[in-house]
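Data from query.txt: compact mmCIF, C-alpha atoms
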# COMPACT_ATOMS: atom_id res chain seq x y z
CA MET E 50 -3.90 20.18 79.62
CA GLU E 51 -5.31 17.81 77.03
CA ARG E 52 -7.34 20.61 75.44
CA LYS E 53 -4.21 22.80 75.07
CA ILE E 54 -2.33 19.99 73.34
CA ASN E 55 -5.21 19.38 70.93
CA ARG E 56 -5.43 23.10 70.20
CA ARG E 57 -1.70 23.24 69.42
CA GLU E 58 -1.93 20.21 67.16
CA LYS E 59 -4.86 21.80 65.36
CA GLU E 60 -2.97 25.07 64.88
CA HIS E 61 0.04 23.13 63.52
CA GLU E 62 -2.15 21.26 61.03
CA GLU E 63 -3.77 24.50 59.86
CA LYS E 64 -0.36 26.10 59.32
CA HIS E 65 0.77 23.04 57.36
CA ILE E 66 -2.36 23.12 55.19
CA ASN E 67 -1.96 26.87 54.62
CA SER E 68 1.68 26.43 53.62
CA GLU E 69 0.71 23.70 51.14
CA GLY E 70 -2.02 25.92 49.75
CA THR E 71 0.47 28.74 49.34
CA GLU E 72 2.83 26.48 47.38
CA GLU E 73 0.00 25.26 45.16
CA SER E 74 -1.19 28.80 44.53
CA LYS E 75 2.35 29.78 43.58
CA ASN E 76 2.50 26.97 41.06
CA CYS E 77 -0.91 27.93 39.68
CA LYS E 78 0.16 31.56 39.33
CA MET E 79 3.20 30.82 37.17
CA PRO E 80 3.21 33.51 34.45
CA LEU E 81 1.66 32.52 31.14
CA ILE E 82 2.77 34.24 27.96
CA THR E 83 0.81 34.55 24.73
CA LEU E 84 2.77 34.76 21.48
CA ASN E 85 1.35 35.80 18.14
CA VAL E 86 3.52 34.01 15.58
CA GLY E 87 2.51 34.85 12.04
CA GLY E 88 -1.14 35.18 13.09
CA TYR E 89 -1.23 31.98 15.20
CA LEU E 90 -1.60 32.37 18.96
CA TYR E 91 0.42 30.17 21.31
CA ILE E 92 0.09 30.20 25.09
CA THR E 93 2.91 28.77 27.18
CA GLN E 94 4.87 29.30 30.37
CA LYS E 95 7.75 31.70 30.78
CA GLN E 96 10.06 28.91 31.90
CA THR E 97 9.45 27.09 28.60
CA LEU E 98 10.45 30.10 26.51
CA THR E 99 13.52 30.80 28.62
CA LYS E 100 14.77 27.20 28.66
CA TYR E 101 17.72 27.95 26.37
CA PRO E 102 19.78 31.02 27.41
CA ASP E 103 20.76 33.42 24.62
CA SER E 104 17.97 32.14 22.37
CA PHE E 105 15.69 34.63 20.63
CA LEU E 106 12.66 33.80 22.77
CA GLU E 107 14.64 33.98 26.02
CA GLY E 108 15.86 37.41 24.95
CA VAL E 109 12.34 38.62 24.15
CA VAL E 110 10.81 37.41 27.42
CA ASN E 111 13.63 38.79 29.56
CA GLY E 112 13.66 42.16 27.77
CA LYS E 113 17.01 41.69 26.03
CA ILE E 114 15.43 41.86 22.57
CA VAL E 115 12.81 44.43 21.57
CA CYS E 116 9.72 42.72 20.14
CA PRO E 117 6.59 44.47 18.79
CA PHE E 118 3.12 43.80 20.23
CA ASP E 119 -0.10 43.09 18.37
CA ALA E 120 -3.38 44.96 18.95
CA ASP E 121 -4.19 42.73 21.93
CA GLY E 122 -0.86 43.30 23.65
CA HIS E 123 0.69 39.93 22.72
CA TYR E 124 4.25 39.58 21.53
CA PHE E 125 4.19 39.54 17.72
CA ILE E 126 6.82 37.50 15.85
CA ASP E 127 6.66 37.63 12.07
CA ARG E 128 7.57 34.00 11.37
CA ASP E 129 5.87 30.80 10.15
CA GLY E 130 3.01 30.26 12.59
CA LEU E 131 2.38 26.64 11.61
CA LEU E 132 6.00 25.55 11.97
CA PHE E 133 6.28 27.27 15.35
CA ARG E 134 4.42 24.35 16.97
CA HIS E 135 7.54 22.25 16.35
CA ILE E 136 9.74 24.97 17.88
CA LEU E 137 7.54 25.04 20.96
CA ASN E 138 7.43 21.25 21.23
CA PHE E 139 11.22 21.18 21.13
CA LEU E 140 11.34 23.68 23.99
CA ARG E 141 8.88 21.57 25.99
CA ASN E 142 10.40 18.14 25.31
CA GLY E 143 14.07 18.91 24.78
CA GLU E 144 14.16 16.77 21.62
CA LEU E 145 13.02 16.87 18.02
CA LEU E 146 9.70 15.03 17.54
CA LEU E 147 8.07 15.39 14.13
CA PRO E 148 4.97 13.73 12.64
CA GLU E 149 5.33 10.88 10.17
CA GLY E 150 5.83 12.11 6.62
CA PHE E 151 7.14 15.56 7.65
CA ARG E 152 8.79 17.12 4.58
CA GLU E 153 9.62 20.70 5.59
CA ASN E 154 13.06 20.09 7.07
CA GLN E 155 14.74 23.02 5.32
CA LEU E 156 12.05 25.48 6.41
CA LEU E 157 12.19 24.22 9.99
CA ALA E 158 15.98 24.51 9.99
CA GLN E 159 15.62 28.17 8.95
CA GLU E 160 13.13 28.77 11.76
CA ALA E 161 15.50 27.11 14.25
CA ASP E 162 18.31 29.41 13.08
CA PHE E 163 16.10 32.48 13.47
CA PHE E 164 15.10 31.52 17.01
CA GLN E 165 18.79 30.84 17.76
CA LEU E 166 18.23 27.27 18.85
CA LYS E 167 21.42 25.54 17.72
CA MET E 168 20.52 22.13 19.15
CA LEU E 169 17.27 22.13 17.22
CA ALA E 170 18.92 23.37 14.02
CA ASP E 171 21.54 20.60 14.22
CA ALA E 172 18.87 17.96 14.86
CA VAL E 173 16.78 19.08 11.88
CA LYS E 174 19.78 19.24 9.55
CA SER E 175 20.92 15.78 10.66
CA ARG E 176 17.43 14.40 10.00
CA TRP E 177 17.32 16.02 6.58
CA GLU E 178 20.74 14.62 5.60
CA LYS E 179 19.67 11.10 6.63
CA GLU E 180 16.52 11.41 4.51
CA GLN E 181 18.55 12.62 1.53
CA THR E 182 20.90 9.65 1.86
CA ALA E 183 18.02 7.21 2.23
CA SER E 184 16.24 8.65 -0.82
CA ARG E 185 19.24 7.76 -2.98
CA GLU E 186 19.24 4.18 -1.80
CA THR E 187 16.80 1.69 -3.28
CA THR E 188 15.14 -0.53 -0.71
CA PHE E 189 13.15 -3.63 -1.45
CA LEU E 190 10.57 -6.06 -0.15
CA GLU E 191 10.61 -9.72 -1.17
CA ILE E 192 7.59 -12.02 -1.04
CA THR E 193 8.65 -15.64 -1.43
CA ASP E 194 7.82 -19.30 -0.92
CA SER E 195 9.69 -20.87 1.99
CA HIS E 196 10.41 -23.91 -0.21
CA ASP E 197 11.35 -22.11 -3.42
CA ARG E 198 12.64 -18.50 -3.28
CA SER E 199 12.55 -18.26 -7.07
CA GLN E 200 8.76 -18.07 -6.79
CA GLY E 201 7.51 -14.73 -5.60
CA LEU E 202 7.54 -10.97 -6.03
CA ARG E 203 10.11 -8.26 -5.39
CA ILE E 204 9.09 -4.65 -4.81
CA PHE E 205 11.75 -1.95 -5.21
CA CYS E 206 11.43 1.70 -4.11
CA ASN E 207 13.71 4.59 -3.14
CA ALA E 208 11.56 5.44 -0.09
CA PRO E 209 12.10 3.12 2.91
CA ASP E 210 9.00 4.40 4.70
CA PHE E 211 6.85 3.46 1.69
CA ILE E 212 8.31 -0.05 1.63
CA ALA E 213 7.36 -0.33 5.30
CA LYS E 214 3.78 0.75 4.50
CA ILE E 215 3.47 -1.78 1.69
CA LYS E 216 4.84 -4.49 3.96
CA SER E 217 2.29 -3.66 6.67
CA ARG E 218 -0.56 -3.63 4.13
CA ILE E 219 0.39 -6.97 2.58
CA VAL E 220 0.68 -8.55 6.00
CA LEU E 221 -2.74 -7.13 6.90
CA VAL E 222 -4.35 -8.44 3.69
CA SER E 223 -2.73 -11.86 4.09
CA LYS E 224 -3.57 -12.07 7.78
CA SER E 225 -7.24 -11.42 7.03
CA ARG E 226 -7.27 -14.51 4.80
CA LEU E 227 -5.13 -16.78 6.95
CA ASP E 228 -6.67 -18.52 9.93
CA GLY E 229 -3.37 -19.84 11.22
CA PHE E 230 -1.47 -16.57 11.34
CA PRO E 231 1.45 -16.33 11.95
CA GLU E 232 2.18 -20.03 11.31
CA GLU E 233 1.34 -19.69 7.61
CA PHE E 234 4.13 -17.17 6.91
CA SER E 235 7.11 -15.56 8.58
CA ILE E 236 8.23 -11.93 8.46
CA SER E 237 11.72 -10.45 8.60
CA SER E 238 13.11 -6.99 7.79
CA ASN E 239 12.88 -7.31 3.99
CA ILE E 240 11.13 -10.63 3.40
CA ILE E 241 7.62 -12.01 3.80
CA GLN E 242 7.94 -15.77 3.41
CA PHE E 243 4.85 -17.89 2.95
CA LYS E 244 4.76 -21.49 4.13
CA TYR E 245 2.86 -22.87 1.13
CA PHE E 246 3.23 -21.04 -2.15
CA ILE E 247 2.60 -23.10 -5.31
CA LYS E 248 1.34 -22.80 -8.88
CA SER E 249 -2.19 -23.62 -9.94
CA GLU E 250 -2.99 -25.44 -13.17
CA ASN E 251 -3.39 -22.24 -15.19
CA GLY E 252 -0.06 -20.87 -13.98
CA THR E 253 -1.43 -18.35 -11.52
CA ARG E 254 0.62 -18.55 -8.36
CA LEU E 255 -1.48 -19.13 -5.30
CA VAL E 256 -0.86 -19.18 -1.60
CA LEU E 257 -2.36 -22.41 -0.30
CA LYS E 258 -2.75 -24.04 3.06
CA GLU E 259 -1.92 -27.69 3.69
CA ASP E 260 -5.48 -28.72 2.85
CA ASN E 261 -5.20 -26.84 -0.49
CA THR E 262 -7.69 -24.21 0.64
CA PHE E 263 -7.46 -21.01 -1.43
CA VAL E 264 -6.02 -18.15 0.58
CA CYS E 265 -4.57 -15.37 -1.56
CA THR E 266 -3.03 -14.70 -4.97
CA LEU E 267 0.17 -12.90 -5.83
CA GLU E 268 -1.85 -10.75 -8.22
CA THR E 269 -3.90 -9.46 -5.28
CA LEU E 270 -0.73 -8.44 -3.49
CA LYS E 271 0.66 -6.80 -6.65
CA PHE E 272 -2.44 -4.71 -7.16
CA GLU E 273 -2.39 -3.70 -3.46
CA ALA E 274 1.19 -2.48 -3.90
CA ILE E 275 0.44 -0.64 -7.18
CA MET E 276 -2.66 1.13 -5.82
CA MET E 277 -0.82 2.23 -2.68
CA ALA E 278 2.08 3.55 -4.76
CA LEU E 279 -0.14 5.56 -7.10
CA LYS E 280 -2.10 7.05 -4.19
CA CYS E 281 1.17 8.13 -2.55
CA GLY E 282 2.38 9.86 -5.72
CA PHE E 283 4.87 7.24 -6.92
CA ARG E 284 5.37 6.25 -10.53
CA LEU E 285 5.55 2.63 -11.62
CA LEU E 286 8.68 2.11 -13.72
CA THR E 287 9.02 -0.63 -16.30
CA SER E 288 8.93 -4.06 -14.73
CA LEU E 289 12.43 -5.29 -13.91
CA ASP E 290 11.56 -8.54 -15.68
CA CYS E 291 9.94 -7.63 -19.00
CA SER E 292 10.07 -11.20 -20.29
CA LYS E 293 6.74 -11.87 -18.59
CA GLY E 294 5.00 -9.48 -20.99
CA SER E 295 2.69 -7.99 -18.36
CA ILE E 296 2.98 -6.23 -15.03
CA VAL E 297 0.53 -8.73 -13.60
CA HIS E 298 2.83 -11.60 -14.55
CA SER E 299 6.11 -9.86 -13.69
CA ASP E 300 8.34 -10.93 -10.83
CA ALA E 301 9.30 -7.37 -9.77
CA LEU E 302 7.79 -3.89 -9.44
CA HIS E 303 9.86 -0.71 -9.26
CA PHE E 304 8.40 2.53 -7.85
CA ILE E 305 9.96 5.99 -7.77
CA LYS E 306 8.84 9.59 -7.14

What do you get writing this file as structure tokens?
Amino acid sequence: MERKINRREKEHEEKHINSEGTEESKNCKMPLITLNVGGYLYITQKQTLTKYPDSFLEGVVNGKIVCPFDADGHYFIDRDGLLFRHILNFLRNGELLLPEGFRENQLLAQEADFFQLKMLADAVKSRWEKEQTASRETTFLEITDSHDRSQGLRIFCNAPDFIAKIKSRIVLVSKSRLDGFPEEFSISSNIIQFKYFIKSENGTRLVLKEDNTFVCTLETLKFEAIMMALKCGFRLLTSLDCSKGSIVHSDALHFIK
């Protein structure tokens, strides 16, 4: 009797294992599709391409739209092969995710229209409109003394992302020279405020610690900002305060592309 029970339990376990194996094999055998988009090959699952009904790719995969094949039997789509990675990522993630500094919004919007992905087209156009609005607005970064805001530097630019880069760089440079970070200066959205920020005998503004130890000069920060701007393709406009007679001694820098 005991042997029969054990045998039945064993048979039940084997059936359970077999059923699990069948499910796993089904998942592993999900159809993969290779697309040749403008000479670039992309391999993905059928369910990814058919995620949005009535889209171009859903029509191709389900035989609603006639699509030519390349010499290797892959679907051939005569579109921008590089930009298609963003189309495919949208299908996978369900949202628009683009790398920092992406500047081909209009081209991507055209691709989204071709592939009949309205949600993607709307997202790209919205992103492009926001960038256009932001490019017309001048943003700034102010570096000041916590005791005297008249002492310092203002950096103006019509690219918010560039202001953010300059801010990060200045913080990095200052942090490398400050042992007591972040006690020596505070950071807000548009202001880096140093705790001790005074003039030396020759008029060069210095950032000093309580024990008068040399830390950093404003000129160092200015040159950091100017070099970054030139490398990123910005032009340095005339100093907003020309009374100083030199960019090095000016209180403001203005960059534009």

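In this model, the gap between atom CA of E:Gly150 and atom CA of E:Thr93 comes to 26.6 Å.
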
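Straight-line separation from atom CA of E:Gln181 to atom CA of E:Leu202: 27.1 Å.
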
Quick one: distance from atom CA of E:Ser175 to atom CA of E:Arg128 in Å, one decimal?
22.6 Å

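Proximity to E:Ala213 was assessed for E:Leu279, E:His303, E:Thr188, E:Ile92 counting all atoms listed in the file; the smallest distance is recorded for E:Thr188.
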
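With only the atoms specified (all atoms listed in the file) counting, those residues at most 6 Å away from (2.8, 32.3, 32.6) are Met79, Pro80, Leu81, Ile82, Gln94 and Lys95 of chain E.
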
If we count all atoms listed in the file and set the cut-off at 12 Å, which residues sit around E:Lys100, ignoring sequence neighbours fewer than 2 positions away in its own chain? Please answer as JSON, numbers by chain.
{"E": [94, 95, 96, 97, 98, 102, 103, 104, 105, 106, 107, 108, 110, 111, 137, 139, 140, 141, 142, 143, 166]}

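Among the candidates E:Lys280, E:Phe151, E:Leu84, E:Tyr101, the one nearest to E:His123 when counting all atoms listed in the file is E:Leu84.
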
Within 7 Å of (13.4, 15.8, 9.2), all atoms listed in the file: residues as a compact mmCIF listing (two decimals) with C-alpha atoms, keeping the file's coordinate frame?
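File produced: out.txt:
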# COMPACT_ATOMS: atom_id res chain seq x y z
CA PHE E 151 7.14 15.56 7.65
CA ARG E 152 8.79 17.12 4.58
CA ASN E 154 13.06 20.09 7.07
CA VAL E 173 16.78 19.08 11.88
CA ARG E 176 17.43 14.40 10.00
CA TRP E 177 17.32 16.02 6.58

Name the residues in contact with E:Pro117 at a cut-off of 12 Å, using all atoms listed in the file, excluding same-chain residues fewer than 5 positions from it; report them as an NGL selection string.
:E and (84-86 or 109-110 or 112 or 122-127)
